[in-house]
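The file protein-v5.pdb contains PDB, C-alpha atoms:
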ATOM      1  CA  MET A   1     -72.926 -25.016 -36.660
ATOM      2  CA  SER A   2     -76.189 -26.709 -37.529
ATOM      3  CA  SER A   3     -76.633 -30.297 -36.396
ATOM      4  CA  ALA A   4     -77.584 -31.053 -40.005
ATOM      5  CA  ASP A   5     -73.997 -30.215 -40.999
ATOM      6  CA  ILE A   6     -72.488 -32.857 -38.710
ATOM      7  CA  ASP A   7     -71.306 -36.150 -40.154
ATOM      8  CA  TRP A   8     -72.014 -38.423 -37.193
ATOM      9  CA  LYS A   9     -69.804 -41.189 -38.637
ATOM     10  CA  THR A  10     -66.646 -39.064 -38.637
ATOM     11  CA  LEU A  11     -67.356 -37.034 -35.497
ATOM     12  CA  GLY A  12     -64.337 -36.948 -33.174
ATOM     13  CA  PHE A  13     -63.625 -35.513 -29.722
ATOM     14  CA  ASP A  14     -63.443 -31.818 -30.582
ATOM     15  CA  TYR A  15     -65.178 -28.657 -29.409
ATOM     16  CA  ILE A  16     -68.307 -27.769 -31.379
ATOM     17  CA  LYS A  17     -70.296 -24.744 -30.261
ATOM     18  CA  THR A  18     -73.855 -25.735 -29.407
ATOM     19  CA  ASP A  19     -76.915 -23.553 -28.856
ATOM     20  CA  LEU A  20     -77.011 -22.849 -25.126
ATOM     21  CA  ARG A  21     -74.980 -23.338 -21.980
ATOM     22  CA  TYR A  22     -75.765 -22.905 -18.258
ATOM     23  CA  ILE A  23     -74.101 -20.328 -16.006
ATOM     24  CA  SER A  24     -74.537 -19.505 -12.325
ATOM     25  CA  HIS A  25     -72.719 -16.968 -10.110
ATOM     26  CA  TRP A  26     -71.737 -17.198  -6.450
ATOM     27  CA  LYS A  27     -71.692 -13.835  -4.676
ATOM     28  CA  GLY A  28     -72.307 -12.817  -1.109
ATOM     29  CA  GLY A  29     -72.207 -16.372   0.148
ATOM     30  CA  GLU A  30     -74.763 -18.013  -2.150
ATOM     31  CA  TRP A  31     -75.426 -19.219  -5.674
ATOM     32  CA  ASP A  32     -77.973 -17.495  -7.882
ATOM     33  CA  GLU A  33     -80.597 -19.536  -9.725
ATOM     34  CA  GLY A  34     -78.498 -19.794 -12.870
ATOM     35  CA  GLN A  35     -79.649 -19.404 -16.454
ATOM     36  CA  LEU A  36     -79.063 -20.556 -20.006
ATOM     37  CA  THR A  37     -77.165 -18.279 -22.355
ATOM     38  CA  GLU A  38     -76.143 -18.235 -26.017
ATOM     39  CA  ASP A  39     -72.807 -16.594 -25.155
ATOM     40  CA  ASN A  40     -69.932 -19.080 -25.070
ATOM     41  CA  LYS A  41     -67.420 -16.478 -23.848
ATOM     42  CA  LEU A  42     -66.679 -15.684 -20.197
ATOM     43  CA  HIS A  43     -65.941 -12.101 -19.175
ATOM     44  CA  ILE A  44     -63.935 -12.256 -15.935
ATOM     45  CA  SER A  45     -61.589 -10.062 -13.924
ATOM     46  CA  GLU A  46     -57.910 -10.099 -14.803
ATOM     47  CA  GLY A  47     -57.297 -10.827 -11.123
ATOM     48  CA  SER A  48     -59.364 -14.039 -11.087
ATOM     49  CA  THR A  49     -57.809 -16.779  -8.970
ATOM     50  CA  ALA A  50     -58.610 -19.338 -11.672
ATOM     51  CA  LEU A  51     -56.106 -17.582 -13.949
ATOM     52  CA  HIS A  52     -53.248 -17.105 -11.473
ATOM     53  CA  TYR A  53     -53.554 -19.705  -8.745
ATOM     54  CA  GLY A  54     -55.421 -22.537 -10.448
ATOM     55  CA  GLN A  55     -58.527 -22.259  -8.283
ATOM     56  CA  GLN A  56     -60.839 -24.245 -10.536
ATOM     57  CA  CYS A  57     -62.162 -27.742 -11.110
ATOM     58  CA  PHE A  58     -64.245 -29.525 -13.718
ATOM     59  CA  GLU A  59     -66.181 -32.682 -14.541
ATOM     60  CA  GLY A  60     -67.028 -34.708 -17.636
ATOM     61  CA  LEU A  61     -70.082 -36.842 -18.347
ATOM     62  CA  LYS A  62     -72.275 -37.788 -21.291
ATOM     63  CA  ALA A  63     -75.896 -37.805 -22.405
ATOM     64  CA  TYR A  64     -76.842 -40.837 -24.536
ATOM     65  CA  ARG A  65     -79.635 -41.247 -27.086
ATOM     66  CA  CYS A  66     -81.420 -44.566 -26.506
ATOM     67  CA  LYS A  67     -83.075 -46.816 -29.060
ATOM     68  CA  ASP A  68     -86.556 -45.655 -27.955
ATOM     69  CA  GLY A  69     -85.563 -41.995 -28.408
ATOM     70  CA  SER A  70     -85.205 -41.214 -24.709
ATOM     71  CA  ILE A  71     -82.060 -39.641 -23.242
ATOM     72  CA  ASN A  72     -79.862 -41.109 -20.501
ATOM     73  CA  LEU A  73     -77.440 -39.420 -18.137
ATOM     74  CA  PHE A  74     -75.014 -41.897 -16.588
ATOM     75  CA  ARG A  75     -74.517 -41.535 -12.821
ATOM     76  CA  PRO A  76     -74.523 -37.708 -12.706
ATOM     77  CA  ASP A  77     -74.867 -37.809  -8.916
ATOM     78  CA  GLN A  78     -71.367 -39.303  -8.766
ATOM     79  CA  ASN A  79     -69.950 -36.449 -10.863
ATOM     80  CA  ALA A  80     -71.687 -33.981  -8.553
ATOM     81  CA  ALA A  81     -70.196 -35.660  -5.493
ATOM     82  CA  ARG A  82     -66.700 -35.672  -6.997
ATOM     83  CA  MET A  83     -66.979 -31.989  -7.884
ATOM     84  CA  ARG A  84     -67.905 -31.207  -4.282
ATOM     85  CA  ARG A  85     -64.787 -33.042  -3.103
ATOM     86  CA  SER A  86     -62.672 -31.057  -5.573
ATOM     87  CA  CYS A  87     -64.274 -27.841  -4.348
ATOM     88  CA  ALA A  88     -63.547 -28.705  -0.729
ATOM     89  CA  ARG A  89     -59.875 -29.324  -1.572
ATOM     90  CA  LEU A  90     -59.549 -25.941  -3.331
ATOM     91  CA  LEU A  91     -61.687 -23.848  -0.930
ATOM     92  CA  MET A  92     -64.520 -23.270  -3.378
ATOM     93  CA  PRO A  93     -68.258 -23.208  -2.640
ATOM     94  CA  ALA A  94     -70.011 -26.508  -3.258
ATOM     95  CA  VAL A  95     -72.701 -27.067  -5.856
ATOM     96  CA  SER A  96     -75.519 -29.278  -4.601
ATOM     97  CA  THR A  97     -76.350 -32.517  -6.396
ATOM     98  CA  GLU A  98     -79.771 -31.119  -7.261
ATOM     99  CA  LYS A  99     -78.334 -27.960  -8.832
ATOM    100  CA  PHE A 100     -75.652 -29.928 -10.680
ATOM    101  CA  ILE A 101     -78.079 -32.420 -12.224
ATOM    102  CA  ASP A 102     -80.659 -29.735 -13.016
ATOM    103  CA  ALA A 103     -77.997 -27.696 -14.844
ATOM    104  CA  CYS A 104     -76.958 -30.764 -16.853
ATOM    105  CA  LYS A 105     -80.558 -31.540 -17.755
ATOM    106  CA  GLN A 106     -81.201 -27.964 -18.863
ATOM    107  CA  VAL A 107     -78.153 -28.038 -21.138
ATOM    108  CA  VAL A 108     -79.117 -31.405 -22.638
ATOM    109  CA  ARG A 109     -82.698 -30.288 -23.347
ATOM    110  CA  ALA A 110     -81.493 -27.008 -24.875
ATOM    111  CA  ASN A 111     -79.052 -28.826 -27.164
ATOM    112  CA  GLU A 112     -80.996 -32.003 -27.895
ATOM    113  CA  ARG A 113     -80.542 -31.633 -31.655
ATOM    114  CA  PHE A 114     -76.806 -32.127 -31.120
ATOM    115  CA  ILE A 115     -77.145 -35.537 -29.456
ATOM    116  CA  PRO A 116     -75.713 -38.122 -31.885
ATOM    117  CA  PRO A 117     -78.338 -40.619 -33.066
ATOM    118  CA  TYR A 118     -78.618 -44.026 -31.435
ATOM    119  CA  GLY A 119     -76.370 -46.535 -33.144
ATOM    120  CA  THR A 120     -73.614 -44.092 -34.121
ATOM    121  CA  GLY A 121     -71.654 -44.681 -30.912
ATOM    122  CA  GLY A 122     -71.612 -40.956 -30.211
ATOM    123  CA  ALA A 123     -72.952 -38.955 -27.279
ATOM    124  CA  LEU A 124     -73.411 -35.408 -26.045
ATOM    125  CA  TYR A 125     -70.418 -34.649 -23.844
ATOM    126  CA  LEU A 126     -71.114 -32.345 -20.873
ATOM    127  CA  ARG A 127     -68.390 -30.250 -19.260
ATOM    128  CA  PRO A 128     -69.404 -28.767 -15.890
ATOM    129  CA  PHE A 129     -66.747 -26.485 -14.403
ATOM    130  CA  LEU A 130     -66.293 -24.121 -11.469
ATOM    131  CA  ILE A 131     -63.801 -21.240 -11.368
ATOM    132  CA  GLY A 132     -62.697 -18.574  -8.910
ATOM    133  CA  VAL A 133     -63.236 -15.055 -10.298
ATOM    134  CA  GLY A 134     -63.394 -11.431  -9.184
ATOM    135  CA  ASP A 135     -60.888  -8.681  -8.486
ATOM    136  CA  ASN A 136     -58.024 -10.242  -6.532
ATOM    137  CA  ILE A 137     -54.238 -10.387  -6.334
ATOM    138  CA  GLY A 138     -53.419 -12.165  -3.058
ATOM    139  CA  VAL A 139     -53.017 -15.913  -2.650
ATOM    140  CA  HIS A 140     -56.366 -16.698  -1.050
ATOM    141  CA  SER A 141     -59.792 -17.931  -2.080
ATOM    142  CA  ALA A 142     -61.696 -15.859  -4.646
ATOM    143  CA  PRO A 143     -64.425 -13.374  -3.695
ATOM    144  CA  GLU A 144     -66.741 -14.730  -6.408
ATOM    145  CA  PHE A 145     -67.219 -17.938  -8.390
ATOM    146  CA  ILE A 146     -68.797 -19.142 -11.620
ATOM    147  CA  PHE A 147     -70.360 -22.564 -12.148
ATOM    148  CA  SER A 148     -71.097 -23.415 -15.760
ATOM    149  CA  VAL A 149     -72.022 -26.404 -17.935
ATOM    150  CA  PHE A 150     -71.574 -26.583 -21.691
ATOM    151  CA  ALA A 151     -72.094 -29.407 -24.161
ATOM    152  CA  THR A 152     -70.517 -30.630 -27.365
ATOM    153  CA  PRO A 153     -71.313 -33.695 -29.484
ATOM    154  CA  VAL A 154     -68.587 -36.328 -29.598
ATOM    155  CA  GLY A 155     -68.219 -39.403 -31.752
ATOM    156  CA  ALA A 156     -67.443 -43.000 -30.947
ATOM    157  CA  TYR A 157     -63.992 -43.099 -29.380
ATOM    158  CA  PHE A 158     -63.070 -46.280 -31.238
ATOM    159  CA  LYS A 159     -63.518 -46.014 -34.989
ATOM    160  CA  GLY A 160     -63.944 -49.554 -36.255
ATOM    161  CA  GLY A 161     -63.916 -51.164 -32.822
ATOM    162  CA  MET A 162     -61.638 -51.308 -29.810
ATOM    163  CA  THR A 163     -57.957 -51.680 -30.586
ATOM    164  CA  PRO A 164     -55.268 -52.305 -27.944
ATOM    165  CA  THR A 165     -52.889 -49.401 -27.337
ATOM    166  CA  ASN A 166     -49.335 -49.469 -25.999
ATOM    167  CA  PHE A 167     -48.139 -47.192 -23.193
ATOM    168  CA  ILE A 168     -44.802 -46.182 -21.695
ATOM    169  CA  VAL A 169     -43.866 -45.577 -18.061
ATOM    170  CA  SER A 170     -43.038 -41.918 -17.440
ATOM    171  CA  ASP A 171     -40.263 -40.511 -15.258
ATOM    172  CA  TYR A 172     -42.580 -37.609 -14.415
ATOM    173  CA  ASP A 173     -45.017 -37.612 -11.518
ATOM    174  CA  ARG A 174     -48.669 -36.893 -12.208
ATOM    175  CA  ALA A 175     -49.319 -35.610  -8.678
ATOM    176  CA  ALA A 176     -47.566 -35.148  -5.347
ATOM    177  CA  PRO A 177     -48.153 -37.273  -2.249
ATOM    178  CA  ASN A 178     -50.934 -35.545  -0.292
ATOM    179  CA  GLY A 179     -51.395 -33.153  -3.218
ATOM    180  CA  THR A 180     -54.376 -32.618  -5.541
ATOM    181  CA  GLY A 181     -54.207 -35.933  -7.423
ATOM    182  CA  ALA A 182     -57.619 -37.043  -6.137
ATOM    183  CA  ALA A 183     -59.257 -33.758  -7.205
ATOM    184  CA  LYS A 184     -60.290 -33.088 -10.812
ATOM    185  CA  VAL A 185     -58.388 -29.830 -11.197
ATOM    186  CA  GLY A 186     -56.795 -28.326 -14.282
ATOM    187  CA  GLY A 187     -53.282 -28.198 -12.861
ATOM    188  CA  ASN A 188     -53.066 -31.994 -12.850
ATOM    189  CA  TYR A 189     -53.807 -32.029 -16.567
ATOM    190  CA  ALA A 190     -51.461 -29.154 -17.395
ATOM    191  CA  ALA A 191     -48.657 -31.111 -15.744
ATOM    192  CA  SER A 192     -49.475 -34.131 -17.931
ATOM    193  CA  LEU A 193     -49.102 -32.352 -21.278
ATOM    194  CA  LEU A 194     -45.318 -32.647 -21.559
ATOM    195  CA  PRO A 195     -44.989 -36.315 -20.522
ATOM    196  CA  GLY A 196     -47.993 -37.134 -22.693
ATOM    197  CA  LEU A 197     -46.342 -35.500 -25.708
ATOM    198  CA  ASP A 198     -43.084 -37.299 -24.973
ATOM    199  CA  ALA A 199     -44.946 -40.620 -25.018
ATOM    200  CA  LYS A 200     -46.730 -39.848 -28.285
ATOM    201  CA  ASN A 201     -43.460 -38.739 -29.896
ATOM    202  CA  ARG A 202     -42.133 -42.204 -29.057
ATOM    203  CA  GLN A 203     -45.162 -43.818 -30.760
ATOM    204  CA  PHE A 204     -47.059 -44.724 -27.589
ATOM    205  CA  GLY A 205     -50.678 -43.855 -26.851
ATOM    206  CA  ASP A 206     -49.781 -42.055 -23.616
ATOM    207  CA  CYS A 207     -47.722 -42.576 -20.491
ATOM    208  CA  ILE A 208     -48.119 -44.627 -17.326
ATOM    209  CA  TYR A 209     -47.668 -42.700 -14.079
ATOM    210  CA  LEU A 210     -46.212 -44.486 -11.065
ATOM    211  CA  ASP A 211     -46.894 -43.606  -7.443
ATOM    212  CA  PRO A 212     -45.025 -40.367  -6.630
ATOM    213  CA  GLU A 213     -43.603 -41.648  -3.350
ATOM    214  CA  THR A 214     -41.841 -44.878  -4.347
ATOM    215  CA  HIS A 215     -42.126 -45.082  -8.158
ATOM    216  CA  THR A 216     -42.882 -48.800  -7.875
ATOM    217  CA  LYS A 217     -46.675 -48.972  -8.384
ATOM    218  CA  ILE A 218     -48.958 -48.067 -11.297
ATOM    219  CA  GLU A 219     -51.358 -45.233 -10.550
ATOM    220  CA  GLU A 220     -52.854 -43.783 -13.739
ATOM    221  CA  VAL A 221     -52.688 -44.143 -17.524
ATOM    222  CA  GLY A 222     -52.548 -40.658 -19.017
ATOM    223  CA  SER A 223     -55.740 -39.052 -17.723
ATOM    224  CA  ALA A 224     -57.473 -42.393 -17.123
ATOM    225  CA  ASN A 225     -57.584 -45.027 -14.380
ATOM    226  CA  PHE A 226     -55.856 -48.406 -14.734
ATOM    227  CA  PHE A 227     -57.290 -51.875 -14.260
ATOM    228  CA  ALA A 228     -56.057 -55.394 -14.913
ATOM    229  CA  ILE A 229     -57.329 -58.962 -14.898
ATOM    230  CA  THR A 230     -55.126 -61.425 -13.031
ATOM    231  CA  GLU A 231     -54.199 -64.868 -14.294
ATOM    232  CA  ASP A 232     -56.684 -66.347 -11.809
ATOM    233  CA  GLY A 233     -59.503 -64.052 -13.007
ATOM    234  CA  ARG A 234     -59.581 -61.236 -10.448
ATOM    235  CA  PHE A 235     -60.351 -57.622 -11.410
ATOM    236  CA  VAL A 236     -57.636 -55.445  -9.860
ATOM    237  CA  THR A 237     -57.262 -51.668  -9.875
ATOM    238  CA  PRO A 238     -54.767 -49.430  -8.037
ATOM    239  CA  LYS A 239     -55.687 -47.703  -4.796
ATOM    240  CA  SER A 240     -53.898 -44.517  -3.774
ATOM    241  CA  PRO A 241     -54.800 -41.108  -2.297
ATOM    242  CA  SER A 242     -53.261 -39.418  -5.363
ATOM    243  CA  ILE A 243     -55.446 -41.191  -7.945
ATOM    244  CA  LEU A 244     -58.515 -39.421  -9.343
ATOM    245  CA  PRO A 245     -61.444 -41.712  -8.430
ATOM    246  CA  SER A 246     -62.941 -42.555 -11.816
ATOM    247  CA  ILE A 247     -66.695 -43.035 -11.949
ATOM    248  CA  THR A 248     -66.143 -45.425 -14.841
ATOM    249  CA  LYS A 249     -63.671 -47.463 -12.785
ATOM    250  CA  TYR A 250     -66.015 -47.844  -9.841
ATOM    251  CA  SER A 251     -68.800 -48.793 -12.231
ATOM    252  CA  LEU A 252     -66.572 -51.481 -13.743
ATOM    253  CA  LEU A 253     -65.648 -52.729 -10.266
ATOM    254  CA  GLU A 254     -69.322 -53.298  -9.505
ATOM    255  CA  LEU A 255     -70.106 -54.846 -12.877
ATOM    256  CA  ALA A 256     -67.095 -57.158 -12.711
ATOM    257  CA  LYS A 257     -68.321 -58.455  -9.373
ATOM    258  CA  GLU A 258     -72.099 -58.497  -9.882
ATOM    259  CA  ARG A 259     -72.428 -59.265 -13.603
ATOM    260  CA  LEU A 260     -69.268 -61.222 -14.427
ATOM    261  CA  GLY A 261     -68.868 -62.929 -11.064
ATOM    262  CA  LEU A 262     -65.237 -61.879 -10.651
ATOM    263  CA  GLU A 263     -63.404 -61.206  -7.431
ATOM    264  CA  VAL A 264     -62.517 -57.507  -7.310
ATOM    265  CA  GLU A 265     -59.725 -55.744  -5.509
ATOM    266  CA  GLU A 266     -58.364 -52.233  -5.045
ATOM    267  CA  GLY A 267     -54.713 -52.462  -4.119
ATOM    268  CA  ASP A 268     -51.113 -52.186  -5.224
ATOM    269  CA  VAL A 269     -50.197 -52.947  -8.844
ATOM    270  CA  PHE A 270     -46.415 -53.204  -8.910
ATOM    271  CA  ILE A 271     -44.772 -52.252 -12.191
ATOM    272  CA  ASP A 272     -42.230 -55.097 -11.883
ATOM    273  CA  LYS A 273     -44.929 -57.769 -11.433
ATOM    274  CA  LEU A 274     -46.955 -57.384 -14.645
ATOM    275  CA  ASP A 275     -46.525 -61.084 -15.446
ATOM    276  CA  GLY A 276     -49.383 -61.772 -13.042
ATOM    277  CA  TYR A 277     -51.950 -60.060 -15.291
ATOM    278  CA  LYS A 278     -53.476 -61.475 -18.475
ATOM    279  CA  GLU A 279     -55.446 -58.355 -19.518
ATOM    280  CA  ALA A 280     -55.226 -54.640 -18.767
ATOM    281  CA  GLY A 281     -56.999 -51.444 -19.690
ATOM    282  CA  ALA A 282     -57.435 -47.750 -19.064
ATOM    283  CA  CYS A 283     -60.914 -46.489 -18.234
ATOM    284  CA  GLY A 284     -62.636 -43.113 -18.230
ATOM    285  CA  THR A 285     -65.583 -41.139 -19.572
ATOM    286  CA  ALA A 286     -64.223 -40.536 -23.080
ATOM    287  CA  ALA A 287     -63.376 -44.073 -24.151
ATOM    288  CA  VAL A 288     -65.056 -46.095 -21.382
ATOM    289  CA  ILE A 289     -62.236 -48.641 -21.820
ATOM    290  CA  THR A 290     -58.982 -48.430 -23.773
ATOM    291  CA  PRO A 291     -57.468 -51.928 -23.924
ATOM    292  CA  ILE A 292     -53.748 -51.932 -23.112
ATOM    293  CA  GLY A 293     -51.672 -54.036 -25.481
ATOM    294  CA  GLY A 294     -48.348 -53.598 -23.734
ATOM    295  CA  ILE A 295     -46.359 -51.396 -21.357
ATOM    296  CA  GLN A 296     -42.796 -50.194 -21.938
ATOM    297  CA  ASN A 297     -40.903 -49.894 -18.654
ATOM    298  CA  GLY A 298     -37.317 -48.853 -19.297
ATOM    299  CA  PRO A 299     -35.818 -51.572 -21.541
ATOM    300  CA  ASP A 300     -38.615 -54.028 -20.730
ATOM    301  CA  PHE A 301     -41.790 -54.342 -22.806
ATOM    302  CA  HIS A 302     -44.615 -56.426 -21.358
ATOM    303  CA  VAL A 303     -47.522 -57.588 -23.528
ATOM    304  CA  PHE A 304     -50.792 -58.511 -21.822
ATOM    305  CA  TYR A 305     -53.433 -60.399 -23.854
ATOM    306  CA  SER A 306     -52.421 -59.154 -27.300
ATOM    307  CA  GLU A 307     -51.211 -56.049 -29.119
ATOM    308  CA  THR A 308     -53.912 -56.504 -31.746
ATOM    309  CA  GLU A 309     -56.889 -58.222 -30.100
ATOM    310  CA  VAL A 310     -59.037 -57.295 -27.115
ATOM    311  CA  GLY A 311     -59.130 -59.731 -24.197
ATOM    312  CA  PRO A 312     -62.444 -61.488 -23.496
ATOM    313  CA  VAL A 313     -62.994 -60.047 -20.014
ATOM    314  CA  THR A 314     -62.206 -56.491 -21.160
ATOM    315  CA  LYS A 315     -64.616 -56.904 -24.074
ATOM    316  CA  ARG A 316     -67.416 -58.189 -21.830
ATOM    317  CA  LEU A 317     -66.952 -55.295 -19.400
ATOM    318  CA  TYR A 318     -67.058 -52.783 -22.249
ATOM    319  CA  GLU A 319     -70.201 -54.271 -23.761
ATOM    320  CA  GLU A 320     -71.943 -54.413 -20.381
ATOM    321  CA  LEU A 321     -71.200 -50.807 -19.460
ATOM    322  CA  VAL A 322     -71.941 -49.324 -22.887
ATOM    323  CA  GLY A 323     -75.153 -51.348 -23.024
ATOM    324  CA  ILE A 324     -76.252 -49.763 -19.757
ATOM    325  CA  GLN A 325     -75.349 -46.254 -20.881
ATOM    326  CA  TYR A 326     -77.383 -46.513 -24.098
ATOM    327  CA  GLY A 327     -80.308 -48.243 -22.389
ATOM    328  CA  ASP A 328     -79.819 -51.646 -24.043
ATOM    329  CA  ARG A 329     -79.076 -53.459 -20.781
ATOM    330  CA  GLU A 330     -80.664 -53.176 -17.373
ATOM    331  CA  ALA A 331     -78.903 -50.652 -15.168
ATOM    332  CA  PRO A 332     -78.198 -51.068 -11.466
ATOM    333  CA  ALA A 333     -80.514 -48.965  -9.318
ATOM    334  CA  GLY A 334     -79.780 -45.234  -9.515
ATOM    335  CA  TRP A 335     -77.230 -45.393 -12.332
ATOM    336  CA  ILE A 336     -79.410 -43.836 -15.035
ATOM    337  CA  VAL A 337     -81.157 -40.446 -14.862
ATOM    338  CA  LYS A 338     -83.637 -39.770 -17.649
ATOM    339  CA  VAL A 339     -83.772 -36.321 -19.252
ATOM    340  CA  ASP A 340     -87.490 -35.674 -19.747
TER     341      ASP A 340
END

Output the file's structure as structure tokens, nothing else.
Amino acid sequence: MSSADIDWKTLGFDYIKTDLRYISHWKGGEWDEGQLTEDNKLHISEGSTALHYGQQCFEGLKAYRCKDGSINLFRPDQNAARMRRSCARLLMPAVSTEKFIDACKQVVRANERFIPPYGTGGALYLRPFLIGVGDNIGVHSAPEFIFSVFATPVGAYFKGGMTPTNFIVSDYDRAAPNGTGAAKVGGNYAASLLPGLDAKNRQFGDCIYLDPETHTKIEEVGSANFFAITEDGRFVTPKSPSILPSITKYSLLELAKERLGLEVEEGDVFIDKLDGYKEAGACGTAAVITPIGGIQNGPDFHVFYSETEVGPVTKRLYEELVGIQYGDREAPAGWIVKVD
């Protein structure tokens, strides 16, 4: 597809083939230099561990077109660090921060014409991933690996502005205690498809997952992290070894403290004590923040600020973070990497 054929105003979150993607192979104990390729198909062994044993992980980040025409990457070093943690958990070779960021920059430069214009609310979404490949049948780490990064343009997540969404508590567990919940691996997302569909079939945006050990505390909202604002103005977000550590969440934690002057806390958010929170949201790369209108928990439905309007603290956090990403507000040191 030509970038001239894209209607930036109606662009959603769908795969669009762009010009080039980056690919690098690990063989004999080391990564090769990697290269850009036009081919968006992978040719791998039928015995690849990624296919049979789920030995793979991925990341998601965006490149933003600024008002002055420059291009921002938002905290790519944090994505690189999280991928290394995922790799360690699944016995895969690590990709250095330098290699990770260089690959992302190469892909952005090669597909610059697909970056949505400033002011449209869109961005170029980057999907780095790492998979175990090679001839194999036993349950052990792969003999070879592929690290790749591709890009696709995505539109503004909220068409016509942020709108609160309702969610429902799921009976399913997103992850096991001491499992792979803190790693960004495909199996966690495959397990979420059925409960997510159940929630949507019941007219909710997605489901709320409770902690897998006691089923008393909120952990995640669909594939996003949860946060809430207490009645006395504290920013609170769950802390658990089975939660994926969201880069967006930790950015909001810092901004809430340093820019909004709020007390911040990572701790338990009990599902039966929602009355103590006046606002709530889900946060992640795709939407930055999805305001939560209400949560259905069994027969009980709890509304936070409003089912139709966004709370003032949530709105300020959204504007602050998006302003940084698009270069309209000053970024904390090290948060923005320019693509030259």

- Message: Just checking: using all atoms listed in the file, which residue out of A:Lys338, A:Lys41, A:Arg21, A:Lys9 ends up closest to A:Asn72?
- Response: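 Answer, going by the shortest atom-to-atom distance: A:Lys338.
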
- Query: Between A:Thr230, A:Gln203, A:Ser192, A:Thr18, which one has atoms that come closest to A:Gln296, using only C-alpha atoms?
  - Reply: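 Of A:Thr230, A:Gln203, A:Ser192, A:Thr18, the one nearest A:Gln296 is A:Gln203, counting only C-alpha atoms.
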
Evaluate the PyMOL selection byres ((chain A and resi 143-149) around 9) and report residues as a PDB file with C-alpha atoms, in the frame of the given file:
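Heads up, here's the output in selection.pdb:
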ATOM      1  CA  ARG A  21     -74.980 -23.338 -21.980  1.00  0.00           C
ATOM      2  CA  TYR A  22     -75.765 -22.905 -18.258  1.00  0.00           C
ATOM      3  CA  ILE A  23     -74.101 -20.328 -16.006  1.00  0.00           C
ATOM      4  CA  SER A  24     -74.537 -19.505 -12.325  1.00  0.00           C
ATOM      5  CA  HIS A  25     -72.719 -16.968 -10.110  1.00  0.00           C
ATOM      6  CA  TRP A  26     -71.737 -17.198  -6.450  1.00  0.00           C
ATOM      7  CA  LYS A  27     -71.692 -13.835  -4.676  1.00  0.00           C
ATOM      8  CA  GLY A  28     -72.307 -12.817  -1.109  1.00  0.00           C
ATOM      9  CA  GLY A  29     -72.207 -16.372   0.148  1.00  0.00           C
ATOM     10  CA  TRP A  31     -75.426 -19.219  -5.674  1.00  0.00           C
ATOM     11  CA  GLY A  34     -78.498 -19.794 -12.870  1.00  0.00           C
ATOM     12  CA  SER A  48     -59.364 -14.039 -11.087  1.00  0.00           C
ATOM     13  CA  MET A  92     -64.520 -23.270  -3.378  1.00  0.00           C
ATOM     14  CA  PRO A  93     -68.258 -23.208  -2.640  1.00  0.00           C
ATOM     15  CA  VAL A  95     -72.701 -27.067  -5.856  1.00  0.00           C
ATOM     16  CA  PHE A 100     -75.652 -29.928 -10.680  1.00  0.00           C
ATOM     17  CA  ALA A 103     -77.997 -27.696 -14.844  1.00  0.00           C
ATOM     18  CA  CYS A 104     -76.958 -30.764 -16.853  1.00  0.00           C
ATOM     19  CA  VAL A 107     -78.153 -28.038 -21.138  1.00  0.00           C
ATOM     20  CA  LEU A 126     -71.114 -32.345 -20.873  1.00  0.00           C
ATOM     21  CA  ARG A 127     -68.390 -30.250 -19.260  1.00  0.00           C
ATOM     22  CA  PRO A 128     -69.404 -28.767 -15.890  1.00  0.00           C
ATOM     23  CA  PHE A 129     -66.747 -26.485 -14.403  1.00  0.00           C
ATOM     24  CA  LEU A 130     -66.293 -24.121 -11.469  1.00  0.00           C
ATOM     25  CA  ILE A 131     -63.801 -21.240 -11.368  1.00  0.00           C
ATOM     26  CA  GLY A 132     -62.697 -18.574  -8.910  1.00  0.00           C
ATOM     27  CA  VAL A 133     -63.236 -15.055 -10.298  1.00  0.00           C
ATOM     28  CA  GLY A 134     -63.394 -11.431  -9.184  1.00  0.00           C
ATOM     29  CA  ASP A 135     -60.888  -8.681  -8.486  1.00  0.00           C
ATOM     30  CA  ASN A 136     -58.024 -10.242  -6.532  1.00  0.00           C
ATOM     31  CA  SER A 141     -59.792 -17.931  -2.080  1.00  0.00           C
ATOM     32  CA  ALA A 142     -61.696 -15.859  -4.646  1.00  0.00           C
ATOM     33  CA  PHE A 150     -71.574 -26.583 -21.691  1.00  0.00           C
ATOM     34  CA  ALA A 151     -72.094 -29.407 -24.161  1.00  0.00           C
TER      35      ALA A 151
END

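Excluding A:Ser170 itself and same-chain residues fewer than 6 positions from it, the residues having an atom within 10 Å of it are Pro195, Gly196, Asp198, Ala199, Asp206, Cys207, Ile208, Tyr209, Leu210, His215, Val221, Gly222, Gln296, Asn297 and Gly298 of chain A, counting all atoms listed in the file.
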
- Task: Find, counting all atoms listed in the file, the residue in A:Ala224, A:Ile289, A:Ile229, A:Leu317 that gets nearest to A:Val269.
- Result: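 Checking each of A:Ala224, A:Ile289, A:Ile229, A:Leu317 against A:Val269, counting all atoms listed in the file, the winner is A:Ile229.
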